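Participant: mmCIF, C-alpha atoms and all ligand atoms, file input.cif:
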data_protein
loop_
_atom_site.group_PDB
_atom_site.id
_atom_site.type_symbol
_atom_site.label_atom_id
_atom_site.label_comp_id
_atom_site.auth_asym_id
_atom_site.auth_seq_id
_atom_site.Cartn_x
_atom_site.Cartn_y
_atom_site.Cartn_z
ATOM 1 C CA MET A 11 0.000 0.000 0.000
ATOM 2 C CA THR A 12 1.306 3.468 -0.817
ATOM 3 C CA TYR A 13 0.203 6.516 1.044
ATOM 4 C CA LYS A 14 1.073 10.187 0.777
ATOM 5 C CA THR A 15 0.932 11.297 4.389
ATOM 6 C CA ILE A 16 1.889 8.160 6.298
ATOM 7 C CA LEU A 17 4.353 5.307 5.936
ATOM 8 C CA TYR A 18 3.018 1.808 6.467
ATOM 9 C CA GLU A 19 5.224 -1.217 6.943
ATOM 10 C CA VAL A 20 4.630 -4.753 8.161
ATOM 11 C CA ALA A 21 7.473 -6.834 9.596
ATOM 12 C CA GLU A 22 8.133 -9.180 12.511
ATOM 13 C CA GLY A 23 4.431 -9.661 13.212
ATOM 14 C CA PHE A 24 3.547 -6.016 13.693
ATOM 15 C CA ALA A 25 2.559 -3.050 11.554
ATOM 16 C CA SER A 26 4.321 0.294 11.841
ATOM 17 C CA ILE A 27 2.529 3.484 10.945
ATOM 18 C CA THR A 28 4.640 6.626 10.690
ATOM 19 C CA LEU A 29 2.851 9.973 10.408
ATOM 20 C CA ASN A 30 4.702 11.564 7.545
ATOM 21 C CA ARG A 31 4.244 15.316 7.158
ATOM 22 C CA PRO A 32 7.478 16.256 8.924
ATOM 23 C CA GLU A 33 7.580 19.823 7.561
ATOM 24 C CA LYS A 34 4.335 20.508 9.496
ATOM 25 C CA LEU A 35 5.275 18.371 12.501
ATOM 26 C CA ASN A 36 2.841 15.731 11.185
ATOM 27 C CA ALA A 37 -0.205 17.934 11.800
ATOM 28 C CA PHE A 38 -3.529 16.364 10.865
ATOM 29 C CA THR A 39 -5.204 17.083 7.540
ATOM 30 C CA ALA A 40 -8.309 15.314 6.249
ATOM 31 C CA GLU A 41 -6.019 13.308 3.975
ATOM 32 C CA LEU A 42 -3.836 12.168 6.861
ATOM 33 C CA HIS A 43 -6.950 11.169 8.786
ATOM 34 C CA GLY A 44 -8.196 9.138 5.812
ATOM 35 C CA GLU A 45 -4.911 7.322 5.287
ATOM 36 C CA LEU A 46 -4.443 6.638 8.973
ATOM 37 C CA ARG A 47 -7.959 5.238 9.193
ATOM 38 C CA GLU A 48 -7.286 2.957 6.235
ATOM 39 C CA ALA A 49 -3.978 1.731 7.629
ATOM 40 C CA ILE A 50 -5.455 0.970 11.058
ATOM 41 C CA ALA A 51 -8.337 -0.920 9.420
ATOM 42 C CA SER A 52 -5.908 -2.922 7.340
ATOM 43 C CA ALA A 53 -3.813 -3.782 10.437
ATOM 44 C CA ALA A 54 -7.024 -4.754 12.244
ATOM 45 C CA GLU A 55 -8.091 -7.169 9.512
ATOM 46 C CA ASP A 56 -4.774 -8.935 8.984
ATOM 47 C CA VAL A 57 -4.501 -11.891 11.369
ATOM 48 C CA ASP A 58 -0.738 -12.007 10.878
ATOM 49 C CA ILE A 59 -0.433 -8.523 12.363
ATOM 50 C CA ARG A 60 -0.455 -8.866 16.114
ATOM 51 C CA ALA A 61 0.540 -5.389 17.249
ATOM 52 C CA LEU A 62 0.684 -1.844 15.954
ATOM 53 C CA LEU A 63 3.445 0.717 16.319
ATOM 54 C CA LEU A 64 2.638 4.383 15.793
ATOM 55 C CA THR A 65 5.279 7.096 15.479
ATOM 56 C CA GLY A 66 6.104 10.272 13.586
ATOM 57 C CA ALA A 67 8.659 11.236 10.946
ATOM 58 C CA GLY A 68 11.109 14.049 11.567
ATOM 59 C CA ARG A 69 11.453 16.096 14.747
ATOM 60 C CA GLY A 70 7.809 16.013 15.829
ATOM 61 C CA PHE A 71 5.287 13.311 16.647
ATOM 62 C CA CYS A 72 2.132 15.258 15.770
ATOM 63 C CA ALA A 73 1.161 18.926 16.228
ATOM 64 C CA GLY A 74 -2.596 18.243 16.222
ATOM 65 C CA GLN A 75 -4.962 19.741 13.698
ATOM 66 C CA ASP A 76 -3.276 21.478 10.749
ATOM 67 C CA LEU A 77 -4.318 25.045 11.469
ATOM 68 C CA ASN A 78 -3.786 26.066 7.838
ATOM 69 C CA ASP A 79 -7.056 24.253 7.169
ATOM 70 C CA ARG A 80 -8.767 26.382 9.818
ATOM 71 C CA ALA A 81 -7.658 29.795 8.584
ATOM 72 C CA THR A 82 -10.549 32.203 8.989
ATOM 73 C CA ALA A 83 -11.493 35.192 6.877
ATOM 74 C CA PRO A 84 -13.825 38.041 7.825
ATOM 75 C CA GLY A 85 -17.383 37.137 6.947
ATOM 76 C CA LYS A 86 -16.585 33.469 6.512
ATOM 77 C CA ALA A 87 -18.795 31.110 8.513
ATOM 78 C CA PRO A 88 -16.910 29.389 11.333
ATOM 79 C CA PRO A 89 -16.086 25.723 10.795
ATOM 80 C CA ASP A 90 -18.242 23.141 12.549
ATOM 81 C CA LEU A 91 -15.605 21.581 14.764
ATOM 82 C CA GLY A 92 -18.218 19.237 16.231
ATOM 83 C CA HIS A 93 -18.488 17.768 12.772
ATOM 84 C CA THR A 94 -14.738 17.272 12.376
ATOM 85 C CA LEU A 95 -14.610 15.551 15.757
ATOM 86 C CA ASP A 96 -17.565 13.345 14.843
ATOM 87 C CA SER A 97 -16.244 12.441 11.440
ATOM 88 C CA LEU A 98 -12.447 12.367 11.914
ATOM 89 C CA TYR A 99 -10.967 12.527 15.421
ATOM 90 C CA ASN A 100 -13.505 10.525 17.406
ATOM 91 C CA PRO A 101 -13.561 7.550 15.003
ATOM 92 C CA LEU A 102 -9.739 7.522 15.095
ATOM 93 C CA ILE A 103 -9.563 7.401 18.888
ATOM 94 C CA ARG A 104 -12.326 4.792 19.028
ATOM 95 C CA SER A 105 -10.587 2.642 16.438
ATOM 96 C CA LEU A 106 -7.364 2.552 18.470
ATOM 97 C CA ARG A 107 -9.112 1.795 21.755
ATOM 98 C CA ALA A 108 -11.279 -0.901 20.181
ATOM 99 C CA LEU A 109 -8.461 -2.484 18.172
ATOM 100 C CA PRO A 110 -8.074 -5.994 19.617
ATOM 101 C CA LYS A 111 -4.294 -5.700 19.276
ATOM 102 C CA PRO A 112 -1.825 -3.779 21.437
ATOM 103 C CA VAL A 113 -0.796 -0.366 20.148
ATOM 104 C CA VAL A 114 2.653 0.980 21.012
ATOM 105 C CA CYS A 115 3.202 4.681 20.501
ATOM 106 C CA ALA A 116 6.730 6.027 20.080
ATOM 107 C CA VAL A 117 6.495 9.772 20.655
ATOM 108 C CA ASN A 118 9.604 10.929 18.824
ATOM 109 C CA GLY A 119 9.147 14.674 19.377
ATOM 110 C CA VAL A 120 6.579 17.281 20.261
ATOM 111 C CA ALA A 121 3.003 16.014 20.646
ATOM 112 C CA ALA A 122 0.525 18.891 20.747
ATOM 113 C CA GLY A 123 -3.260 19.203 20.788
ATOM 114 C CA ALA A 124 -4.935 16.185 19.222
ATOM 115 C CA GLY A 125 -1.412 14.827 18.609
ATOM 116 C CA ALA A 126 -0.825 14.562 22.364
ATOM 117 C CA ASN A 127 -4.160 12.860 22.934
ATOM 118 C CA LEU A 128 -3.647 10.511 20.007
ATOM 119 C CA ALA A 129 -0.595 9.238 21.879
ATOM 120 C CA LEU A 130 -2.582 8.864 25.112
ATOM 121 C CA ALA A 131 -5.162 6.725 23.301
ATOM 122 C CA CYS A 132 -2.469 4.129 22.586
ATOM 123 C CA ASP A 133 -1.806 1.239 24.940
ATOM 124 C CA ILE A 134 1.892 1.651 25.713
ATOM 125 C CA VAL A 135 3.473 5.041 25.207
ATOM 126 C CA LEU A 136 7.216 5.519 24.991
ATOM 127 C CA ALA A 137 8.610 8.988 24.463
ATOM 128 C CA ALA A 138 12.006 10.315 23.479
ATOM 129 C CA ARG A 139 13.643 12.343 26.242
ATOM 130 C CA SER A 140 13.418 15.472 24.052
ATOM 131 C CA ALA A 141 9.681 15.025 23.377
ATOM 132 C CA ARG A 142 7.070 17.302 24.962
ATOM 133 C CA PHE A 143 3.350 16.926 25.495
ATOM 134 C CA ILE A 144 1.285 20.085 25.070
ATOM 135 C CA GLN A 145 -2.455 20.406 25.616
ATOM 136 C CA ALA A 146 -2.396 23.323 23.198
ATOM 137 C CA PHE A 147 -6.186 23.691 22.953
ATOM 138 C CA CYS A 148 -6.524 26.398 25.631
ATOM 139 C CA ARG A 149 -4.303 28.730 23.603
ATOM 140 C CA LEU A 150 -6.831 28.594 20.755
ATOM 141 C CA GLY A 151 -9.928 28.881 22.911
ATOM 142 C CA LEU A 152 -10.723 25.193 22.420
ATOM 143 C CA VAL A 153 -11.448 22.250 24.678
ATOM 144 C CA PRO A 154 -9.050 19.274 24.796
ATOM 145 C CA ASP A 155 -10.438 16.707 22.374
ATOM 146 C CA SER A 156 -9.518 13.294 20.997
ATOM 147 C CA GLY A 157 -10.199 11.869 24.448
ATOM 148 C CA GLY A 158 -8.030 14.364 26.343
ATOM 149 C CA THR A 159 -10.646 15.163 28.977
ATOM 150 C CA TYR A 160 -11.125 11.414 29.487
ATOM 151 C CA PHE A 161 -7.502 10.240 29.502
ATOM 152 C CA LEU A 162 -5.879 13.074 31.451
ATOM 153 C CA PRO A 163 -7.782 12.831 34.764
ATOM 154 C CA ARG A 164 -7.665 9.031 34.645
ATOM 155 C CA LEU A 165 -3.948 8.916 34.029
ATOM 156 C CA VAL A 166 -2.656 11.749 36.185
ATOM 157 C CA GLY A 167 -5.558 12.802 38.438
ATOM 158 C CA HIS A 168 -7.949 15.755 38.480
ATOM 159 C CA ALA A 169 -5.503 18.446 39.648
ATOM 160 C CA ARG A 170 -2.803 17.660 37.097
ATOM 161 C CA ALA A 171 -5.378 17.212 34.316
ATOM 162 C CA LEU A 172 -6.730 20.694 34.988
ATOM 163 C CA GLY A 173 -3.238 22.187 35.239
ATOM 164 C CA LEU A 174 -2.188 20.664 31.912
ATOM 165 C CA ALA A 175 -5.435 21.535 30.118
ATOM 166 C CA LEU A 176 -5.869 25.072 31.462
ATOM 167 C CA LEU A 177 -2.250 26.188 31.164
ATOM 168 C CA GLY A 178 -1.204 24.317 28.020
ATOM 169 C CA GLU A 179 2.409 24.297 29.173
ATOM 170 C CA PRO A 180 4.819 21.799 27.615
ATOM 171 C CA LEU A 181 5.331 18.710 29.765
ATOM 172 C CA SER A 182 8.668 16.952 29.302
ATOM 173 C CA ALA A 183 8.751 13.256 28.483
ATOM 174 C CA GLU A 184 10.643 12.595 31.696
ATOM 175 C CA ARG A 185 7.994 14.325 33.806
ATOM 176 C CA ALA A 186 5.218 12.628 31.795
ATOM 177 C CA ALA A 187 6.674 9.252 32.763
ATOM 178 C CA GLU A 188 7.136 10.334 36.402
ATOM 179 C CA ILE A 189 3.483 11.311 36.795
ATOM 180 C CA GLY A 190 2.144 8.257 34.985
ATOM 181 C CA LEU A 191 0.967 9.931 31.789
ATOM 182 C CA ILE A 192 3.111 7.555 29.738
ATOM 183 C CA TRP A 193 4.874 4.233 30.217
ATOM 184 C CA GLN A 194 8.492 5.250 29.698
ATOM 185 C CA CYS A 195 10.876 7.993 28.663
ATOM 186 C CA VAL A 196 13.911 6.742 26.724
ATOM 187 C CA ASP A 197 16.964 8.391 25.231
ATOM 188 C CA ASP A 198 16.267 9.841 21.786
ATOM 189 C CA ASP A 199 18.698 7.575 19.973
ATOM 190 C CA LYS A 200 17.167 4.482 21.585
ATOM 191 C CA LEU A 201 13.488 5.263 21.009
ATOM 192 C CA ALA A 202 12.968 3.576 17.634
ATOM 193 C CA ALA A 203 14.789 0.391 18.640
ATOM 194 C CA GLU A 204 13.038 0.195 22.032
ATOM 195 C CA ALA A 205 9.629 0.706 20.457
ATOM 196 C CA ARG A 206 10.262 -1.950 17.805
ATOM 197 C CA LYS A 207 11.530 -4.341 20.476
ATOM 198 C CA LEU A 208 8.368 -3.798 22.493
ATOM 199 C CA ALA A 209 6.073 -4.246 19.485
ATOM 200 C CA GLY A 210 7.971 -7.444 18.589
ATOM 201 C CA LEU A 211 7.593 -8.777 22.134
ATOM 202 C CA LEU A 212 3.861 -8.075 22.074
ATOM 203 C CA ALA A 213 3.538 -9.727 18.652
ATOM 204 C CA ALA A 214 5.031 -12.916 20.090
ATOM 205 C CA LEU A 215 2.575 -13.117 23.017
ATOM 206 C CA PRO A 216 -0.838 -14.847 22.785
ATOM 207 C CA PRO A 217 -2.997 -12.409 20.758
ATOM 208 C CA VAL A 218 -6.379 -13.432 22.138
ATOM 209 C CA GLY A 219 -5.106 -13.063 25.700
ATOM 210 C CA LEU A 220 -3.689 -9.601 24.944
ATOM 211 C CA ALA A 221 -6.932 -8.491 23.298
ATOM 212 C CA LEU A 222 -8.863 -9.610 26.382
ATOM 213 C CA ILE A 223 -6.449 -7.821 28.730
ATOM 214 C CA LYS A 224 -6.970 -4.633 26.732
ATOM 215 C CA ARG A 225 -10.740 -5.070 27.013
ATOM 216 C CA ALA A 226 -10.616 -5.622 30.758
ATOM 217 C CA ILE A 227 -8.315 -2.697 31.511
ATOM 218 C CA ASN A 228 -10.278 -0.374 29.215
ATOM 219 C CA ALA A 229 -13.622 -1.390 30.716
ATOM 220 C CA PRO A 230 -15.631 1.566 32.036
ATOM 221 C CA SER A 231 -13.888 2.964 35.092
ATOM 222 C CA ALA A 232 -17.364 3.351 36.625
ATOM 223 C CA ASN A 233 -17.400 -0.443 37.073
ATOM 224 C CA ASP A 234 -17.385 -1.358 40.727
ATOM 225 C CA LEU A 235 -15.305 -4.279 41.973
ATOM 226 C CA ASP A 236 -18.195 -6.742 41.577
ATOM 227 C CA ARG A 237 -18.733 -5.814 37.953
ATOM 228 C CA GLN A 238 -15.040 -5.976 37.201
ATOM 229 C CA LEU A 239 -14.716 -9.374 38.902
ATOM 230 C CA ASP A 240 -17.589 -10.626 36.734
ATOM 231 C CA LEU A 241 -15.943 -9.223 33.631
ATOM 232 C CA GLU A 242 -12.641 -10.919 34.527
ATOM 233 C CA ARG A 243 -14.506 -14.199 34.974
ATOM 234 C CA ASP A 244 -16.158 -13.886 31.555
ATOM 235 C CA LEU A 245 -12.955 -12.948 29.771
ATOM 236 C CA GLN A 246 -10.929 -15.614 31.588
ATOM 237 C CA ARG A 247 -13.456 -18.198 30.476
ATOM 238 C CA ILE A 248 -12.782 -17.193 26.859
ATOM 239 C CA ALA A 249 -9.016 -17.094 27.426
ATOM 240 C CA GLY A 250 -9.012 -20.504 29.109
ATOM 241 C CA ARG A 251 -10.562 -22.087 26.036
ATOM 242 C CA THR A 252 -7.851 -20.930 23.623
ATOM 243 C CA GLU A 253 -5.209 -23.224 22.178
ATOM 244 C CA ASP A 254 -2.678 -20.577 23.134
ATOM 245 C CA TYR A 255 -3.499 -21.004 26.825
ATOM 246 C CA ARG A 256 -2.882 -24.767 26.540
ATOM 247 C CA GLU A 257 0.332 -24.059 24.648
ATOM 248 C CA GLY A 258 1.454 -21.596 27.340
ATOM 249 C CA VAL A 259 0.874 -24.116 30.141
ATOM 250 C CA ASN A 260 2.496 -26.997 28.213
ATOM 251 C CA ALA A 261 5.506 -24.904 27.239
ATOM 252 C CA PHE A 262 6.004 -23.914 30.879
ATOM 253 C CA LEU A 263 5.772 -27.506 32.095
ATOM 254 C CA GLN A 264 8.025 -28.792 29.308
ATOM 255 C CA LYS A 265 10.518 -25.967 29.917
ATOM 256 C CA ARG A 266 10.458 -24.814 26.298
ATOM 257 C CA LYS A 267 9.612 -21.589 24.469
ATOM 258 C CA ALA A 268 5.918 -21.280 23.691
ATOM 259 C CA SER A 269 4.716 -20.747 20.137
ATOM 260 C CA PHE A 270 1.365 -18.965 20.031
ATOM 261 C CA LYS A 271 -0.992 -19.317 17.082
ATOM 262 C CA GLY A 272 -3.676 -16.780 17.952
ATOM 263 C CA ARG A 273 -6.332 -19.432 18.446
HETATM 264 O O1 LIG B 301 -10.013 21.826 14.102
HETATM 265 C C1 LIG B 301 -10.634 20.855 14.437
HETATM 266 O O2 LIG B 301 -11.086 20.040 13.589
HETATM 267 C C2 LIG B 301 -10.847 20.558 15.894
HETATM 268 C C3 LIG B 301 -9.768 19.707 16.395
HETATM 269 C C4 LIG B 301 -8.671 20.262 16.973
HETATM 270 C C5 LIG B 301 -7.562 19.422 17.405
HETATM 271 C C6 LIG B 301 -6.294 20.165 17.696
HETATM 272 O O3 LIG B 301 -5.280 19.528 17.627
HETATM 273 S S1 LIG B 301 -6.337 21.817 18.093
HETATM 274 C C7 LIG B 301 -4.616 22.145 18.433
HETATM 275 C C8 LIG B 301 -3.818 22.426 17.171
HETATM 276 N N1 LIG B 301 -2.393 22.450 17.415
HETATM 277 C C9 LIG B 301 -1.763 23.462 17.961
HETATM 278 O O4 LIG B 301 -2.331 24.445 18.388
HETATM 279 C C10 LIG B 301 -0.255 23.378 18.004
HETATM 280 C C11 LIG B 301 0.349 24.436 17.092
HETATM 281 N N2 LIG B 301 1.799 24.289 17.030
HETATM 282 C C12 LIG B 301 2.602 24.757 17.982
HETATM 283 O O5 LIG B 301 2.193 25.307 18.995
HETATM 284 C C13 LIG B 301 4.068 24.585 17.755
HETATM 285 O O6 LIG B 301 4.298 24.396 16.385
HETATM 286 C C14 LIG B 301 4.665 23.379 18.526
HETATM 287 C C15 LIG B 301 4.680 23.719 20.028
HETATM 288 C C16 LIG B 301 3.884 22.111 18.296
HETATM 289 C C17 LIG B 301 6.123 23.148 18.069
HETATM 290 O O7 LIG B 301 6.825 24.356 18.135
HETATM 291 P P1 LIG B 301 8.254 24.477 17.411
HETATM 292 O O8 LIG B 301 8.776 25.838 17.742
HETATM 293 O O9 LIG B 301 9.074 23.316 17.790
HETATM 294 O O10 LIG B 301 7.951 24.347 15.842
HETATM 295 P P2 LIG B 301 7.293 25.428 14.885
HETATM 296 O O11 LIG B 301 8.368 26.255 14.263
HETATM 297 O O12 LIG B 301 6.213 26.156 15.568
HETATM 298 O O13 LIG B 301 6.634 24.472 13.761
HETATM 299 C C18 LIG B 301 7.387 23.941 12.684
HETATM 300 C C19 LIG B 301 6.537 24.045 11.447
HETATM 301 O O14 LIG B 301 5.353 23.276 11.650
HETATM 302 C C20 LIG B 301 6.079 25.477 11.171
HETATM 303 O O15 LIG B 301 5.937 25.596 9.793
HETATM 304 P P3 LIG B 301 6.873 26.633 8.950
HETATM 305 O O16 LIG B 301 6.698 27.966 9.580
HETATM 306 O O17 LIG B 301 8.252 26.081 9.134
HETATM 307 O O18 LIG B 301 6.352 26.535 7.544
HETATM 308 C C21 LIG B 301 4.717 25.499 11.820
HETATM 309 O O19 LIG B 301 3.875 26.482 11.290
HETATM 310 C C22 LIG B 301 4.217 24.111 11.466
HETATM 311 N N3 LIG B 301 3.153 23.675 12.410
HETATM 312 C C23 LIG B 301 3.285 23.301 13.665
HETATM 313 N N4 LIG B 301 2.110 22.982 14.178
HETATM 314 C C24 LIG B 301 1.207 23.179 13.192
HETATM 315 C C25 LIG B 301 1.875 23.631 12.054
HETATM 316 N N5 LIG B 301 1.252 23.916 10.910
HETATM 317 C C26 LIG B 301 -0.094 23.764 10.894
HETATM 318 N N6 LIG B 301 -0.790 23.332 11.958
HETATM 319 C C27 LIG B 301 -0.196 23.023 13.106
HETATM 320 N N7 LIG B 301 -0.910 22.558 14.153
#
Would you mind writing the file's structure down as structure tokens?

Facilitator:
Amino acid sequence: MTYKTILYEVAEGFASITLNRPEKLNAFTAELHGELREAIASAAEDVDIRALLLTGAGRGFCAGQDLNDRATAPGKAPPDLGHTLDSLYNPLIRSLRALPKPVVCAVNGVAAGAGANLALACDIVLAARSARFIQAFCRLGLVPDSGGTYFLPRLVGHARALGLALLGEPLSAERAAEIGLIWQCVDDDKLAAEARKLAGLLAALPPVGLALIKRAINAPSANDLDRQLDLERDLQRIAGRTEDYREGVNAFLQKRKASFKGR
């Protein structure tokens, strides 16, 4: 598949998507949205792809919406941003959360606006030490979108979520890892290799089990303990019936490396 605004590559059991508008810090256009949507759908359908790796080309990860497409002129009707969220950003975030495969995000540089929240929608987020996360919305008179108002308080608590969203100050990758916004901060020159290693590790684990873990952890946080225990029971029942579970147990008992088939 050839795309204009992303790079798509499949190797070692996982798909890598690289946002590829480096001259604009990989800001979102409608075309980028369309290509990203197509690539995620193609990774979702392919049973040989067991994990997804998302990163950016150049010195930025993603600067959010391309503001050139939002330039206003006197007398021009304002854009319906509710429509762009409904038609572009929300389906993207939903597709990543619902993808029954782990998504690793390698934040290679600045992640601003919807770019920051795109990263937070992924399952394991690594960031280069030089990367920054910016909830840039407040500077434009907008509300954090792409799940920002959902992810931020859940990841870092109410006070920090409000501080980040209201002030829009850059948060370093190191601090983001310290406060639990992301999984890990790694040295810039190690980011790509670490992220690929992680995606490869995930691709070698039992896919059905990983998909069920993602479902359980992403279950509504309003679930009380009883509901969550019931959900774990239901998912474990499914997991316990997979060939991969039997293979995992047998491999352990036979002291050999397991080979998982995704069944
Ligand atoms: O609109 C809707 O549909 C609703 C949804 C909204 C979602 C959103 O994401 S709203 C938030 C939009 N994003 C921003 O407000 C961030 C704007 N960018 C910045 O604040 C800064 O560029 C950064 C802090 C991200 C990085 O700063 P810096 O100094 O490292 O780089 P720079 O020089 O500002 O940017 C480099 C180039 O990228 C530059 O282009 P040029 O001058 O070299 O031709 C800059 O204009 C361009 N760029 C960066 N961000 C955007 C952008 N071009 C268009 N849109 C951008 N968002």

Participant: Determine the nearest neighbour of A:Gly219 from the options A:Val196, A:Ile144, A:Ile248, A:Ala232, counting all atoms listed in the file.

Facilitator: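 Checking each of A:Val196, A:Ile144, A:Ile248, A:Ala232 against A:Gly219, counting all atoms listed in the file, the winner is A:Ile248.
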
Participant: With a distance cut-off of 9 Å and all atoms listed in the file, select the neighbouring residues of A:Ala175, excluding the residue or stretch itself and same-chain residues fewer than 3 positions from it, and output the selection as a list in words.

Facilitator: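 The neighbour list is Ile144, Gln145, Ala146, Phe147, Cys148, Val153, Pro154, Gly158, Thr159, Leu162, Arg170, Ala171, Leu172, Gly178 and Glu179 of chain A.
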
Participant: Once the PyMOL selection byres (((not hetatm)) within 6 of (chain B and resi 301)) has been applied to the shown file, what residues remain in the selection, as a list in words?

Facilitator: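 Taken on the displayed file, the PyMOL selection byres (((not hetatm)) within 6 of (chain B and resi 301)) yields the residues Glu33, Lys34, Leu35, Ala37, Ala73, Gly74, Gln75, Asp76, Leu77, Asn78, Leu91, Thr94, Val120, Ala122, Gly123, Ala124, Ala146 and Phe147 of chain A.
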
Participant: Check which residues satisfy the PyMOL selection byres (((chain A and resi 99) around 12) and not hetatm) in the file shown, then give them as number ranges by chain.

Facilitator: A: 38-40, 42-44, 46-47, 74-75, 91-98, 100-106, 123-125, 127-128, 131, 154-158

Participant: Taking all atoms listed in the file into account, which of A:Pro110, A:His168, A:Val117, A:Ala203 comes nearest A:Val218?

Facilitator: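 Ranked by minimum distance to A:Val218, first place goes to A:Pro110.
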
Participant: Which one of A:Phe24, A:Phe161, A:Tyr18, A:Tyr13 sits closest to A:Leu130 if you count all atoms listed in the file?

Facilitator: A:Phe161

Participant: Interatomic distance between atom CA of A:Lys207 and atom CA of A:Tyr160?

Facilitator: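 These two atoms are separated by 29.0 Å.
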
Participant: Exactly which residues make up the result of the PyMOL selection byres (((chain A and resi 14) around 9) and not hetatm) on this file, given as number ranges by chain?

Facilitator: A: 12-13, 15-17, 30-31, 41-42, 45

Participant: Taking only C-alpha atoms into account, name the residue in A:Asp254, A:Leu177, A:Pro88, A:Leu222 that is nearest to A:Ala108.

Facilitator: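 Comparing A:Asp254, A:Leu177, A:Pro88, A:Leu222 against A:Ala108, the winner is A:Leu222.
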
Participant: If you count only C-alpha atoms, which residues fall within 9 Å of A:Glu184, apart from same-chain ones fewer than 2 positions away, as an MDAnalysis selection string?

Facilitator: chainID A and resid 137:142 181:182 186:189 194:196

Participant: Just the residues within 10 Å of A:Pro216, please, counting all atoms listed in the file, with nothing from its chain fewer than 3 positions along; format it as a PyMOL selection string.

Facilitator: chain A and resi 60+212-213+219-221+249+252-255+257-258+268-273

Participant: I want to know what sits within 6 Å of A:Val114, based on all atoms listed in the file, with residues of the same chain fewer than 5 positions away left out; could you give that as a ChimeraX atom specification?

Facilitator: /A:63,133-135

Participant: In Å, with one decimal, what is the gap from atom CA of A:Val259 to atom CA of A:Ala209?

Facilitator: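 Interatomic distance, atom CA of A:Val259 to atom CA of A:Ala209: 23.1 Å.
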
Participant: What is the distance between atom CA of A:Pro32 and atom CA of A:Leu62, in Å to one decimal?

Facilitator: 20.6 Å

Participant: Counting only C-alpha atoms, which of A:Phe71, A:Ala261, A:Lys224, A:Cys115 gets nearest to A:Ile192?

Facilitator: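 Closest candidate: A:Cys115.
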
Participant: Can you list, as a list in words, every protein, DNA or RNA residue that comes within 9 Å of A:Leu64 when you count all atoms listed in the file, leaving out same-chain residues fewer than 6 positions away?

Facilitator: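 What passes the distance filter is Ala25, Ser26, Ile27, Thr28, Leu29, Val113, Val114, Cys115, Ala116, Val117, Ala129 and Cys132 of chain A.
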
Participant: Could you tell me which of A:Thr82, A:Ser52, A:Asn118, A:Asn228 comes closest to A:Ala205 if we count only C-alpha atoms?

Facilitator: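 Between A:Thr82, A:Ser52, A:Asn118, A:Asn228, the residue approaching A:Ala205 most closely is A:Asn118.
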
Participant: My structure is short of atoms at stretch 191-203 of chain A; please model N, CA and C atoms there, returning them as a PDB file, keeping the file's coordinate frame.

Facilitator:
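Final file, out_4.pdb:
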ATOM      1  N   LEU A 191       1.689   9.626  33.032  1.00  0.00           N
ATOM      2  CA  LEU A 191       0.967   9.931  31.789  1.00  0.00           C
ATOM      3  C   LEU A 191       1.358   8.939  30.696  1.00  0.00           C
ATOM      4  N   ILE A 192       2.609   8.498  30.754  1.00  0.00           N
ATOM      5  CA  ILE A 192       3.111   7.555  29.738  1.00  0.00           C
ATOM      6  C   ILE A 192       3.854   6.422  30.428  1.00  0.00           C
ATOM      7  N   TRP A 193       4.191   5.408  29.649  1.00  0.00           N
ATOM      8  CA  TRP A 193       4.874   4.233  30.217  1.00  0.00           C
ATOM      9  C   TRP A 193       6.339   4.532  30.513  1.00  0.00           C
ATOM     10  N   GLN A 194       7.050   5.122  29.532  1.00  0.00           N
ATOM     11  CA  GLN A 194       8.492   5.250  29.698  1.00  0.00           C
ATOM     12  C   GLN A 194       9.065   6.395  28.875  1.00  0.00           C
ATOM     13  N   CYS A 195      10.109   6.998  29.419  1.00  0.00           N
ATOM     14  CA  CYS A 195      10.876   7.993  28.663  1.00  0.00           C
ATOM     15  C   CYS A 195      12.215   7.337  28.342  1.00  0.00           C
ATOM     16  N   VAL A 196      12.637   7.380  27.089  1.00  0.00           N
ATOM     17  CA  VAL A 196      13.911   6.742  26.724  1.00  0.00           C
ATOM     18  C   VAL A 196      14.782   7.748  25.967  1.00  0.00           C
ATOM     19  N   ASP A 197      16.071   7.478  25.945  1.00  0.00           N
ATOM     20  CA  ASP A 197      16.964   8.391  25.231  1.00  0.00           C
ATOM     21  C   ASP A 197      16.571   8.455  23.759  1.00  0.00           C
ATOM     22  N   ASP A 198      16.714   9.629  23.183  1.00  0.00           N
ATOM     23  CA  ASP A 198      16.267   9.841  21.786  1.00  0.00           C
ATOM     24  C   ASP A 198      16.805   8.780  20.832  1.00  0.00           C
ATOM     25  N   ASP A 199      18.098   8.492  20.954  1.00  0.00           N
ATOM     26  CA  ASP A 199      18.698   7.575  19.973  1.00  0.00           C
ATOM     27  C   ASP A 199      18.297   6.113  20.208  1.00  0.00           C
ATOM     28  N   LYS A 200      17.579   5.872  21.307  1.00  0.00           N
ATOM     29  CA  LYS A 200      17.167   4.482  21.585  1.00  0.00           C
ATOM     30  C   LYS A 200      15.675   4.268  21.318  1.00  0.00           C
ATOM     31  N   LEU A 201      14.955   5.367  21.077  1.00  0.00           N
ATOM     32  CA  LEU A 201      13.488   5.263  21.009  1.00  0.00           C
ATOM     33  C   LEU A 201      13.009   4.271  19.948  1.00  0.00           C
ATOM     34  N   ALA A 202      13.483   4.412  18.728  1.00  0.00           N
ATOM     35  CA  ALA A 202      12.968   3.576  17.634  1.00  0.00           C
ATOM     36  C   ALA A 202      13.229   2.105  17.936  1.00  0.00           C
ATOM     37  N   ALA A 203      14.443   1.798  18.380  1.00  0.00           N
ATOM     38  CA  ALA A 203      14.789   0.391  18.640  1.00  0.00           C
ATOM     39  C   ALA A 203      13.971  -0.154  19.804  1.00  0.00           C
TER      40      ALA A 203
END
